$ cat model-v4.txt   # compact mmCIF, C-alpha atoms
# COMPACT_ATOMS: atom_id res chain seq x y z
CA MET A 1 2.64 -15.28 21.66
CA LYS A 2 4.57 -13.50 18.94
CA MET A 3 2.71 -12.88 15.70
CA THR A 4 5.06 -14.00 12.95
CA SER A 5 3.03 -13.75 9.76
CA ALA A 6 0.90 -11.37 7.76
CA ILE A 7 -1.64 -11.12 5.01
CA ILE A 8 0.06 -9.27 2.18
CA ILE A 9 -2.08 -7.54 -0.42
CA THR A 10 -1.42 -5.88 -3.75
CA PRO A 11 -4.30 -3.98 -5.37
CA VAL A 12 -3.89 -3.99 -9.17
CA LYS A 13 -5.55 -1.85 -11.82
CA ASP A 14 -3.82 -2.81 -15.07
CA SER A 15 -0.24 -1.40 -15.00
CA ILE A 16 0.62 -5.00 -15.77
CA GLU A 17 4.38 -4.62 -16.28
CA THR A 18 5.12 -3.23 -12.83
CA ALA A 19 2.41 -5.38 -11.24
CA LEU A 20 4.14 -8.54 -12.45
CA GLN A 21 7.43 -7.29 -11.02
CA THR A 22 5.69 -6.67 -7.70
CA ILE A 23 4.04 -10.08 -7.59
CA LYS A 24 7.24 -11.93 -8.44
CA SER A 25 9.29 -10.04 -5.85
CA VAL A 26 6.74 -10.58 -3.08
CA SER A 27 6.39 -14.26 -3.89
CA VAL A 28 10.16 -14.76 -3.67
CA SER A 29 10.30 -12.73 -0.46
CA ILE A 30 7.72 -14.89 1.36
CA ALA A 31 8.75 -18.31 0.02
CA GLY A 32 8.76 -20.89 2.81
CA THR A 33 6.89 -18.65 5.27
CA GLU A 34 3.36 -18.72 6.67
CA ASN A 35 2.43 -15.43 5.05
CA THR A 36 -0.55 -15.22 2.73
CA TYR A 37 -0.37 -13.18 -0.47
CA ILE A 38 -3.56 -11.84 -2.07
CA ILE A 39 -3.78 -9.93 -5.35
CA TYR A 40 -6.86 -7.73 -5.62
CA ASN A 41 -7.69 -7.22 -9.31
CA ASP A 42 -9.63 -3.96 -9.42
CA ASN A 43 -11.31 -4.04 -12.82
CA SER A 44 -8.25 -4.54 -14.98
CA THR A 45 -8.89 -5.34 -18.63
CA ALA A 46 -9.89 -8.91 -19.46
CA GLU A 47 -6.48 -9.51 -21.00
CA ASN A 48 -4.61 -8.25 -17.95
CA ALA A 49 -6.93 -10.11 -15.59
CA ALA A 50 -6.01 -13.35 -17.39
CA ILE A 51 -2.30 -12.53 -17.05
CA LEU A 52 -2.78 -11.86 -13.33
CA GLU A 53 -4.61 -15.17 -12.94
CA LEU A 54 -1.70 -17.02 -14.50
CA GLN A 55 0.92 -15.16 -12.45
CA ALA A 56 -1.00 -15.75 -9.23
CA LYS A 57 -1.14 -19.48 -9.96
CA GLU A 58 2.58 -19.63 -10.74
CA SER A 59 3.43 -17.62 -7.62
CA GLY A 60 1.18 -19.45 -5.17
CA ALA A 61 -0.81 -16.30 -4.53
CA GLU A 62 -4.55 -15.90 -4.15
CA ILE A 63 -6.40 -13.59 -6.51
CA ILE A 64 -9.65 -11.77 -5.81
CA HIS A 65 -11.49 -10.09 -8.66
CA VAL A 66 -13.06 -7.11 -6.96
CA ASN A 67 -15.86 -6.83 -9.52
CA SER A 68 -17.14 -10.21 -8.36
CA LEU A 69 -17.78 -8.75 -4.91
CA THR A 70 -18.85 -5.15 -5.59
CA ASN A 71 -20.32 -3.12 -8.44
CA HIS A 72 -18.52 0.03 -7.33
CA PRO A 73 -16.28 1.45 -10.09
CA SER A 74 -12.52 1.75 -9.69
CA PRO A 75 -10.73 2.77 -7.61
CA ASN A 76 -11.93 0.35 -4.92
CA TYR A 77 -9.25 0.99 -2.33
CA LEU A 78 -11.83 1.36 0.42
CA PHE A 79 -13.39 -2.02 -0.35
CA VAL A 80 -9.96 -3.67 -0.55
CA LEU A 81 -8.83 -2.23 2.78
CA GLN A 82 -12.06 -3.26 4.51
CA HIS A 83 -11.98 -6.77 3.05
CA ALA A 84 -8.30 -7.27 3.88
CA GLN A 85 -8.72 -5.92 7.42
CA ASP A 86 -11.50 -8.43 8.09
CA LEU A 87 -9.30 -11.26 6.82
CA ALA A 88 -6.28 -10.18 8.86
CA ILE A 89 -8.30 -9.88 12.05
CA SER A 90 -10.09 -13.20 11.51
CA ARG A 91 -6.77 -14.97 10.89
CA ASN A 92 -4.92 -13.11 13.65
CA LYS A 93 -2.29 -11.68 11.31
CA HIS A 94 -0.75 -8.34 10.50
CA LEU A 95 -1.66 -6.67 7.19
CA ILE A 96 0.98 -5.53 4.71
CA VAL A 97 0.03 -3.39 1.72
CA ILE A 98 2.44 -3.47 -1.21
CA GLU A 99 1.43 -1.36 -4.19
CA SER A 100 1.64 -2.58 -7.78
CA ASP A 101 4.45 -0.15 -8.60
CA VAL A 102 6.78 -1.39 -5.84
CA THR A 103 9.45 -4.10 -5.95
CA VAL A 104 10.58 -5.54 -2.62
CA LYS A 105 13.82 -7.23 -1.61
CA ASN A 106 14.02 -10.79 -0.33
CA GLY A 107 14.18 -9.82 3.34
CA THR A 108 11.78 -6.87 3.30
CA ILE A 109 8.61 -8.59 4.48
CA THR A 110 10.37 -10.68 7.12
CA ASN A 111 12.07 -7.57 8.49
CA LEU A 112 8.79 -5.64 8.69
CA ILE A 113 7.20 -8.43 10.72
CA LYS A 114 10.22 -8.85 13.01
CA LEU A 115 10.15 -5.16 13.88
CA THR A 116 6.60 -5.44 15.24
CA HIS A 117 8.24 -7.19 18.22
CA LYS A 118 11.10 -4.72 18.61
CA LEU A 119 9.51 -1.30 18.11
CA THR A 120 7.38 0.40 20.75
CA ASN A 121 3.65 -0.15 20.19
CA PRO A 122 3.79 0.05 16.37
CA GLY A 123 0.71 1.00 14.40
CA LEU A 124 2.28 1.37 10.96
CA ILE A 125 5.76 0.37 9.79
CA ALA A 126 6.82 1.44 6.29
CA ALA A 127 9.85 0.74 4.10
CA VAL A 128 11.31 3.82 2.46
CA THR A 129 10.98 4.08 -1.32
CA VAL A 130 13.86 4.68 -3.73
CA ASP A 131 14.33 5.10 -7.47
CA THR A 132 16.50 2.93 -9.71
CA SER A 133 19.59 4.89 -8.65
CA GLY A 134 18.91 4.22 -4.96
CA MET A 135 17.81 7.76 -4.11
CA ILE A 136 14.81 8.27 -1.84
CA ASN A 137 11.87 9.30 -4.01
CA PHE A 138 8.15 10.12 -3.85
CA PRO A 139 6.32 9.82 -1.48
CA TYR A 140 9.15 10.01 1.07
CA LEU A 141 11.07 13.01 -0.19
CA TYR A 142 10.70 14.48 3.29
CA ALA A 143 12.91 11.67 4.63
CA GLN A 144 15.97 12.44 2.50
CA ARG A 145 17.68 14.03 5.50
CA PHE A 146 16.64 11.40 8.02
CA LYS A 147 19.32 9.22 9.56
CA LYS A 148 19.42 5.50 8.82
CA GLY A 149 17.25 3.29 10.98
CA SER A 150 13.70 2.90 12.28
CA ILE A 151 12.49 6.47 12.55
CA GLU A 152 9.34 7.22 14.49
CA THR A 153 7.45 9.95 12.68
CA LYS A 154 4.25 11.96 12.86
CA LYS A 155 4.38 12.55 9.11
CA ARG A 156 2.09 10.49 6.95
CA LEU A 157 3.21 7.08 5.75
CA SER A 158 2.27 5.93 2.29
CA PHE A 159 0.99 2.42 1.65
CA CYS A 160 3.70 1.72 -0.96
CA CYS A 161 5.11 -0.99 1.31
CA THR A 162 3.60 -0.69 4.77
CA LEU A 163 2.69 -3.02 7.61
CA LEU A 164 -0.46 -2.29 9.61
CA SER A 165 -0.14 -4.07 12.92
CA ASN A 166 -2.80 -6.45 14.14
CA ASN A 167 -3.19 -4.36 17.29
CA PHE A 168 -3.97 -1.28 15.22
CA LEU A 169 -6.34 -3.21 12.96
CA ASN A 170 -8.28 -4.28 16.04
CA SER A 171 -8.40 -0.69 17.32
CA TYR A 172 -9.95 1.05 14.34
CA SER A 173 -12.48 -0.28 11.84
CA PHE A 174 -11.96 0.73 8.23
CA LYS A 175 -15.72 0.67 7.90
CA ASN A 176 -15.53 4.13 9.50
CA LEU A 177 -13.47 5.54 6.63
CA ASN A 178 -15.04 8.25 4.50
CA PRO A 179 -16.51 6.59 1.37
CA GLU A 180 -16.23 9.88 -0.54
CA LYS A 181 -12.43 9.60 -0.59
CA ASN A 182 -10.25 7.53 -2.95
CA TRP A 183 -7.08 7.07 -0.87
CA TYR A 184 -6.65 6.61 2.86
CA ASP A 185 -2.97 6.44 3.77
CA VAL A 186 -2.87 10.00 5.11
CA PHE A 187 -5.97 9.58 7.27
CA ILE A 188 -4.96 6.14 8.56
CA SER A 189 -1.45 7.37 9.40
CA HIS A 190 -2.92 10.15 11.52
CA LYS A 191 -5.53 7.86 13.08
CA SER A 192 -2.79 5.48 14.20
CA THR A 193 -0.91 8.19 16.12
CA GLU A 194 -4.20 9.63 17.40
CA LEU A 195 -4.92 6.24 18.98
CA GLY A 196 -1.51 6.22 20.68
CA PHE A 197 0.41 3.96 18.31
CA GLY A 198 3.86 4.70 16.92
CA ASN A 199 4.40 5.05 13.17
CA TYR A 200 7.83 4.12 11.89
CA LEU A 201 9.63 4.76 8.60
CA LEU A 202 12.50 2.36 7.91
CA THR A 203 15.14 4.42 6.13
CA ASN A 204 17.46 1.40 6.06
CA GLU A 205 14.84 -0.85 4.40
CA GLU A 206 14.53 0.25 0.78
CA VAL A 207 12.01 -0.79 -1.87
CA LEU A 208 11.99 0.25 -5.51
CA HIS A 209 9.10 2.57 -6.35
CA GLN A 210 8.02 3.45 -9.89
CA PRO A 211 5.38 6.10 -9.08
CA HIS A 212 1.96 6.35 -10.70
CA SER A 213 2.42 3.52 -13.18
CA SER A 214 -1.27 2.66 -12.84
CA ARG A 215 -2.38 6.31 -12.86
CA PRO A 216 -0.01 8.03 -15.33
CA TRP A 217 -2.07 11.22 -15.34
CA LYS A 218 -0.75 11.89 -11.81
CA ASN A 219 2.74 12.48 -13.22
CA LEU A 220 1.34 15.74 -14.53
CA LYS A 221 1.73 17.03 -10.98
CA TYR A 222 5.48 17.30 -11.62
CA THR A 223 5.49 18.20 -15.33
CA HIS A 224 2.28 20.24 -15.83
CA PRO A 225 0.90 21.03 -12.36
CA LEU A 226 -1.89 23.31 -13.60
CA LYS A 227 -3.20 20.56 -15.86
CA TYR A 228 -2.90 18.06 -12.99
CA TYR A 229 -5.01 20.16 -10.62
CA TRP A 230 -7.51 20.91 -13.38
CA ILE A 231 -8.07 17.17 -13.91
CA LYS A 232 -8.03 16.49 -10.18
CA PHE A 233 -10.79 18.98 -9.39
CA THR A 234 -12.93 18.88 -12.53
CA GLN A 235 -12.98 15.08 -12.66
CA LYS A 236 -12.98 14.72 -8.85
CA LYS A 237 -10.02 12.38 -8.88
CA ASP A 238 -7.45 11.49 -6.27
CA LYS A 239 -9.46 12.45 -3.20
CA ILE A 240 -7.36 12.04 -0.05
$ encode --input "model-v4.txt" --output "structure tokens"
Amino acid sequence: MKMTSAIIITPVKDSIETALQTIKSVSVSIAGTENTYIIYNDNSTAENAAILELQAKESGAEIIHVNSLTNHPSPNYLFVLQHAQDLAISRNKHLIVIESDVTVKNGTITNLIKLTHKLTNPGLIAAVTVDTSGMINFPYLYAQRFKKGSIETKKRLSFCCTLLSNNFLNSYSFKNLNPEKNWYDVFISHKSTELGFGNYLLTNEEVLHQPHSSRPWKNLKYTHPLKYYWIKFTQKKDKI
């Protein structure tokens, strides 16, 4: 039987302007489908949490306040991935991660799911990211010379807008991920290919990406790289 739906998640840590754009675009994209949309509020301010509550209600999305389930400080990406994986497996669905600085098109989510039936043994399927001018941007700068289509790649896929297939979810438990890290897209990308799955980047399926809106200090990597690496190492941030 073909699996035709997914659990879609957006982790949010403030960055309310882009988060609202994300939520609205996803809600429109999945209208009338059997997909489930969950917003994970990871210790946003009380004001922003209230805004997210209202937007979730208006959009028909579920909202989970991470601090009601764990006392671990932000970022709680590990907890979110583990929690969402358990839900996806228990409901027999794929998992799609859409970050709070990404805006999707109406057909994006449907197309990701359809391709799980057309591509060879997919583990991860990601939409390419572009800026407001339509140019491929971070984190897929390496794909600027790729042809248009569904490109199988050994390079890492970001979780900006990425489907993790149910087969892959059942093959590797996120409870085995290193709790000392903050982000896991690189490791999970490599684990997928290690287990024999194919990872695909869709260069003809574009989503708008406004990088680092929830972690503006990371923009220092491009403007003041020495300061970026000083913060990264002295404050032990951004561990991949």
$ closest_residue --input "model-v4.txt" --among "A:Val104, A:Leu195, A:Leu177, A:Ala84" --to "A:His209" --atoms "only C-alpha atoms"
A:Val104
$ residues_near_point --input "model-v4.txt" --point "(-10.4, -10.8, -12.9)" --cutoff "9 Å" --atoms "all atoms listed in the file" --output "MDAnalysis selection string"
chainID A and resid 40:46 48:50 52:53 63:68
$ closest_residue --input "model-v4.txt" --among "A:Gly107, A:Pro122, A:Gly134, A:Pro73" --to "A:His94" --atoms "only C-alpha atoms"
A:Pro122
$ closest_residue --input "model-v4.txt" --among "A:Lys175, A:Arg156, A:Lys191, A:Arg91" --to "A:Leu78" --atoms "only C-alpha atoms"
A:Lys175
$ atom_distance --input "model-v4.txt" --atom1 "atom CA of A:Ile7" --atom2 "atom CA of A:Ile38"
7.4 Å
$ residues_around --input "model-v4.txt" --residues "A:Thr116" --least-positions-apart "6" --cutoff "12 Å" --atoms "all atoms listed in the file" --output "list in words"
Lys2, Met3, Thr4, Ser5, Ala6, Lys93, His94, Leu95, Ile96, Ile109, Thr110, Pro122, Gly123, Leu124, Ile125, Ala126, Ser150, Thr162, Leu163, Leu164, Ser165, Asn166, Asn167, Phe168, Phe197, Gly198, Asn199 and Tyr200 of chain A
$ axis_aligned_box --input "model-v4.txt" --around "stretch 6-20 of chain A" --padding-each-side "8 Å" --output "lines of an AutoDock Vina configuration file"
center_x = -0.2
center_y = -6.4
center_z = -4.3
size_x = 26.7
size_y = 26.0
size_z = 40.0
$ closest_residue --input "model-v4.txt" --among "A:Met135, A:Val207, A:Cys161, A:Ile188" --to "A:Glu99" --atoms "all atoms listed in the file"
A:Cys161
$ closest_residue --input "model-v4.txt" --among "A:Asp101, A:Glu194, A:Glu205, A:Glu47" --to "A:Lys154" --atoms "only C-alpha atoms"
A:Glu194
$ atom_distance --input "model-v4.txt" --atom1 "atom CA of A:Ser158" --atom2 "atom CA of A:Pro139"
6.8 Å
$ closest_residue --input "model-v4.txt" --among "A:Phe79, A:Ala31, A:Thr22, A:Asn71" --to "A:Asn176" --atoms "all atoms listed in the file"
A:Phe79
$ atom_distance --input "model-v4.txt" --atom1 "atom CA of A:Thr10" --atom2 "atom CA of A:Ser133"
24.1 Å
$ residues_around --input "model-v4.txt" --residues "A:Tyr142" --least-positions-apart "6" --cutoff "12 Å" --atoms "only C-alpha atoms" --output "MDAnalysis selection string"
chainID A and resid 128:129 136 153:157 201 203
$ decode --input "model-v4.txt" --residues "stretch 70-85 of chain A" --atoms "N, CA, C and O atoms" --output "PDB file, in the first residue's frame"
ATOM      1  N   THR A  70      10.232  18.554  28.463  1.00  0.00           N
ATOM      2  CA  THR A  70      11.632  18.387  28.870  1.00  0.00           C
ATOM      3  C   THR A  70      12.137  19.686  29.487  1.00  0.00           C
ATOM      4  O   THR A  70      11.698  20.785  29.109  1.00  0.00           O
ATOM      5  N   ASN A  71      13.060  19.546  30.432  1.00  0.00           N
ATOM      6  CA  ASN A  71      13.688  20.708  31.062  1.00  0.00           C
ATOM      7  C   ASN A  71      14.987  21.118  30.374  1.00  0.00           C
ATOM      8  O   ASN A  71      15.647  22.066  30.803  1.00  0.00           O
ATOM      9  N   HIS A  72      15.350  20.397  29.327  1.00  0.00           N
ATOM     10  CA  HIS A  72      16.593  20.690  28.622  1.00  0.00           C
ATOM     11  C   HIS A  72      16.501  22.064  27.962  1.00  0.00           C
ATOM     12  O   HIS A  72      15.484  22.387  27.338  1.00  0.00           O
ATOM     13  N   PRO A  73      17.541  22.892  28.072  1.00  0.00           N
ATOM     14  CA  PRO A  73      17.494  24.221  27.452  1.00  0.00           C
ATOM     15  C   PRO A  73      17.573  24.144  25.926  1.00  0.00           C
ATOM     16  O   PRO A  73      18.047  23.156  25.366  1.00  0.00           O
ATOM     17  N   SER A  74      17.137  25.200  25.265  1.00  0.00           N
ATOM     18  CA  SER A  74      17.250  25.261  23.806  1.00  0.00           C
ATOM     19  C   SER A  74      18.722  25.266  23.404  1.00  0.00           C
ATOM     20  O   SER A  74      19.556  25.790  24.143  1.00  0.00           O
ATOM     21  N   PRO A  75      19.038  24.719  22.216  1.00  0.00           N
ATOM     22  CA  PRO A  75      18.108  24.116  21.263  1.00  0.00           C
ATOM     23  C   PRO A  75      17.769  22.673  21.616  1.00  0.00           C
ATOM     24  O   PRO A  75      18.607  21.939  22.136  1.00  0.00           O
ATOM     25  N   ASN A  76      16.537  22.276  21.317  1.00  0.00           N
ATOM     26  CA  ASN A  76      16.059  20.921  21.621  1.00  0.00           C
ATOM     27  C   ASN A  76      15.776  20.125  20.357  1.00  0.00           C
ATOM     28  O   ASN A  76      14.796  19.389  20.264  1.00  0.00           O
ATOM     29  N   TYR A  77      16.657  20.274  19.382  1.00  0.00           N
ATOM     30  CA  TYR A  77      16.445  19.586  18.110  1.00  0.00           C
ATOM     31  C   TYR A  77      16.446  18.073  18.288  1.00  0.00           C
ATOM     32  O   TYR A  77      15.688  17.366  17.631  1.00  0.00           O
ATOM     33  N   LEU A  78      17.294  17.577  19.158  1.00  0.00           N
ATOM     34  CA  LEU A  78      17.349  16.137  19.386  1.00  0.00           C
ATOM     35  C   LEU A  78      16.016  15.637  19.916  1.00  0.00           C
ATOM     36  O   LEU A  78      15.463  14.650  19.412  1.00  0.00           O
ATOM     37  N   PHE A  79      15.495  16.304  20.937  1.00  0.00           N
ATOM     38  CA  PHE A  79      14.207  15.901  21.503  1.00  0.00           C
ATOM     39  C   PHE A  79      13.107  15.945  20.441  1.00  0.00           C
ATOM     40  O   PHE A  79      12.291  15.028  20.332  1.00  0.00           O
ATOM     41  N   VAL A  80      13.081  17.013  19.656  1.00  0.00           N
ATOM     42  CA  VAL A  80      12.051  17.168  18.630  1.00  0.00           C
ATOM     43  C   VAL A  80      12.133  16.038  17.604  1.00  0.00           C
ATOM     44  O   VAL A  80      11.117  15.433  17.240  1.00  0.00           O
ATOM     45  N   LEU A  81      13.334  15.738  17.143  1.00  0.00           N
ATOM     46  CA  LEU A  81      13.496  14.658  16.162  1.00  0.00           C
ATOM     47  C   LEU A  81      13.060  13.313  16.732  1.00  0.00           C
ATOM     48  O   LEU A  81      12.395  12.522  16.057  1.00  0.00           O
ATOM     49  N   GLN A  82      13.434  13.040  17.962  1.00  0.00           N
ATOM     50  CA  GLN A  82      13.066  11.769  18.590  1.00  0.00           C
ATOM     51  C   GLN A  82      11.557  11.677  18.777  1.00  0.00           C
ATOM     52  O   GLN A  82      10.947  10.635  18.487  1.00  0.00           O
ATOM     53  N   HIS A  83      10.962  12.737  19.251  1.00  0.00           N
ATOM     54  CA  HIS A  83       9.511  12.757  19.486  1.00  0.00           C
ATOM     55  C   HIS A  83       8.755  12.597  18.170  1.00  0.00           C
ATOM     56  O   HIS A  83       7.802  11.808  18.064  1.00  0.00           O
ATOM     57  N   ALA A  84       9.181  13.339  17.142  1.00  0.00           N
ATOM     58  CA  ALA A  84       8.511  13.283  15.843  1.00  0.00           C
ATOM     59  C   ALA A  84       8.710  11.932  15.168  1.00  0.00           C
ATOM     60  O   ALA A  84       7.798  11.423  14.498  1.00  0.00           O
ATOM     61  N   GLN A  85       9.888  11.334  15.312  1.00  0.00           N
ATOM     62  CA  GLN A  85      10.116  10.012  14.736  1.00  0.00           C
ATOM     63  C   GLN A  85       9.161   8.989  15.344  1.00  0.00           C
ATOM     64  O   GLN A  85       8.559   8.177  14.627  1.00  0.00           O
TER      65      GLN A  85
END
